[in-house]
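For reference, data.json (JSON, C-alpha atoms):
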[["chain", "number", "residue", "atom", "x", "y", "z"],
["A", 1, "MET", "CA", 6.92, 14.54, 18.33],
["A", 2, "LEU", "CA", 4.31, 13.68, 15.71],
["A", 3, "PHE", "CA", 6.80, 11.45, 13.88],
["A", 4, "LEU", "CA", 7.67, 9.59, 17.07],
["A", 5, "THR", "CA", 3.98, 9.02, 17.80],
["A", 6, "TYR", "CA", 3.34, 7.75, 14.27],
["A", 7, "TYR", "CA", 6.22, 5.29, 14.21],
["A", 8, "SER", "CA", 5.68, 4.00, 17.73],
["A", 9, "THR", "CA", 1.99, 3.41, 16.99],
["A", 10, "LYS", "CA", 2.85, 1.64, 13.76],
["A", 11, "TRP", "CA", 5.43, -0.54, 15.54],
["A", 12, "LEU", "CA", 3.00, -1.45, 18.33],
["A", 13, "SER", "CA", 0.24, -2.36, 15.89],
["A", 14, "THR", "CA", 2.48, -4.76, 13.97],
["A", 15, "ARG", "CA", 3.69, -6.39, 17.19],
["A", 16, "THR", "CA", 0.15, -6.77, 18.54],
["A", 17, "SER", "CA", -1.39, -8.07, 15.33],
["A", 18, "SER", "CA", 1.35, -10.63, 14.74],
["A", 19, "SER", "CA", 0.94, -12.05, 18.24],
["A", 20, "MET", "CA", -2.82, -12.40, 17.76],
["A", 21, "LYS", "CA", -2.66, -14.29, 14.44],
["A", 22, "SER", "CA", -3.52, -17.95, 14.22],
["A", 23, "ARG", "CA", -2.53, -20.57, 11.69],
["A", 24, "TYR", "CA", -5.93, -22.26, 11.61],
["A", 25, "ILE", "CA", -8.50, -19.66, 12.66],
["A", 26, "ASN", "CA", -9.33, -16.40, 10.90],
["A", 27, "ILE", "CA", -12.22, -14.04, 11.72],
["A", 28, "ILE", "CA", -13.62, -13.02, 8.33],
["A", 29, "ASP", "CA", -16.21, -10.53, 9.57],
["A", 30, "LYS", "CA", -17.83, -9.47, 12.82],
["A", 31, "ILE", "CA", -20.80, -7.31, 13.76],
["A", 32, "MET", "CA", -21.73, -5.96, 17.18],
["A", 33, "LEU", "CA", -25.29, -6.72, 18.28],
["A", 34, "GLY", "CA", -25.11, -5.09, 21.69],
["A", 35, "GLN", "CA", -22.72, -4.54, 24.54],
["A", 36, "ASN", "CA", -20.28, -7.49, 24.46],
["A", 37, "LYS", "CA", -22.45, -9.42, 21.96],
["A", 38, "PHE", "CA", -21.27, -10.23, 18.45],
["A", 39, "LEU", "CA", -21.99, -12.37, 15.44],
["A", 40, "ALA", "CA", -18.88, -13.42, 13.57],
["A", 41, "ILE", "CA", -17.94, -15.45, 10.54],
["A", 42, "ALA", "CA", -14.83, -17.50, 11.21],
["A", 43, "GLU", "CA", -12.74, -19.60, 8.88],
["A", 44, "ILE", "CA", -11.46, -22.65, 10.76],
["A", 45, "CYS", "CA", -9.38, -25.18, 8.81],
["A", 46, "ASN", "CA", -10.83, -23.98, 5.48],
["A", 47, "LYS", "CA", -14.45, -24.26, 6.67],
["A", 48, "TYR", "CA", -16.68, -21.29, 7.52],
["A", 49, "TYR", "CA", -18.80, -20.96, 10.65],
["A", 50, "LEU", "CA", -21.29, -18.41, 12.00],
["A", 51, "LEU", "CA", -20.38, -17.76, 15.65],
["A", 52, "SER", "CA", -22.33, -16.15, 18.46],
["A", 53, "ILE", "CA", -19.93, -14.43, 20.87],
["A", 54, "THR", "CA", -20.91, -13.10, 24.30],
["A", 55, "GLU", "CA", -18.96, -12.36, 27.49],
["A", 56, "LYS", "CA", -19.32, -15.93, 28.69],
["A", 57, "ASN", "CA", -19.87, -18.05, 25.55],
["A", 58, "VAL", "CA", -18.73, -18.68, 22.03],
["A", 59, "THR", "CA", -21.25, -20.83, 20.19],
["A", 60, "ILE", "CA", -21.19, -22.21, 16.66],
["A", 61, "VAL", "CA", -24.61, -21.22, 15.31],
["A", 62, "LYS", "CA", -24.19, -22.84, 11.91],
["A", 63, "GLU", "CA", -21.60, -24.21, 9.53],
["A", 64, "LEU", "CA", -21.72, -22.14, 6.33],
["A", 65, "ASP", "CA", -21.33, -24.74, 3.59],
["A", 66, "ASP", "CA", -21.73, -22.43, 0.59],
["A", 67, "PHE", "CA", -20.08, -19.29, 2.00],
["A", 68, "ARG", "CA", -17.79, -17.32, -0.34],
["A", 69, "SER", "CA", -15.60, -14.61, 1.09],
["A", 70, "ILE", "CA", -15.77, -11.26, -0.72],
["A", 71, "PRO", "CA", -12.33, -9.80, -1.51],
["A", 72, "ASP", "CA", -11.36, -6.87, 0.69],
["A", 73, "ILE", "CA", -12.28, -3.49, -0.74],
["A", 74, "LYS", "CA", -9.35, -1.14, -0.66],
["A", 75, "PRO", "CA", -10.13, 1.86, 1.57],
["A", 76, "ASP", "CA", -10.07, 5.39, 0.25],
["A", 77, "ASN", "CA", -6.41, 6.45, 0.10],
["A", 78, "SER", "CA", -7.23, 9.99, 1.18],
["A", 79, "LEU", "CA", -8.03, 8.74, 4.69],
["A", 80, "GLU", "CA", -4.76, 6.89, 5.26],
["A", 81, "PHE", "CA", -2.60, 8.37, 8.01],
["A", 82, "ASN", "CA", 0.42, 8.81, 5.71],
["A", 83, "ASN", "CA", -1.59, 10.93, 3.28],
["A", 84, "ILE", "CA", -3.06, 13.08, 6.04],
["A", 85, "LEU", "CA", 0.38, 13.57, 7.62],
["A", 86, "ASN", "CA", 1.92, 14.52, 4.26],
["A", 87, "LYS", "CA", -0.83, 17.07, 3.58],
["A", 88, "PHE", "CA", -0.32, 18.55, 7.04],
["A", 89, "LEU", "CA", 3.44, 18.80, 6.59],
["A", 90, "LYS", "CA", 3.13, 20.49, 3.17],
["A", 91, "ARG", "CA", 1.24, 23.43, 4.69]]

Reformat the file's structure so that it appears as structure tokens.
Amino acid sequence: MLFLTYYSTKWLSTRTSSSMKSRYINIIDKIMLGQNKFLAIAEICNKYYLLSITEKNVTIVKELDDFRSIPDIKPDNSLEFNNILNKFLKR
């Protein structure tokens, strides 16, 4: 049952994420400021923008002319689901 749950979740996540991708818009980072209120950095056609996102509005606060994206930091491998599952199965 655990295997079925793992693989179905993995399959659903790939299907959902691929349908939500865009060719020209990429959210680089986002922070929650309150309930349904965010600040986000978006890359749109190779330009970066600071966005204010609420329930009713999306507003460009500022174009970020000198913004440089930081490369993604690889998460700790010990917290990946595969590693946790393998440790559980070895018991």

* Asked: At what distance in Å, to one decimal, does CA of Ile41 in chain A lie from CA of Asn26 in chain A?
  ->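 Distance reported for this atom pair: 8.7 Å.
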
* To do: Tell me, in Å to one decimal, how far CA of Ser69 in chain A is from CA of Lys37 in chain A.
  => 22.6 Å

* Find the residues with any atom within 9 Å of (-12.2, -21.8, 3.0); use all atoms listed in the file and the coordinates as given in the file, and write the answer as a ChimeraX atom specification. => /A:43-48,67-69

* Asked: What is the CA of Ile27 in chain A-CA of Thr9 in chain A distance in Å, reported with one decimal?
  ->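 Interatomic distance, CA of Ile27 in chain A to CA of Thr9 in chain A: 23.1 Å.
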
* Could you check which of A:Val61, A:Asn82, A:Glu55, A:Lys21 is closest to Gln35 in chain A, using only C-alpha atoms? =>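 Once distances to Gln35 in chain A are computed over only C-alpha atoms, the minimum belongs to A:Glu55.
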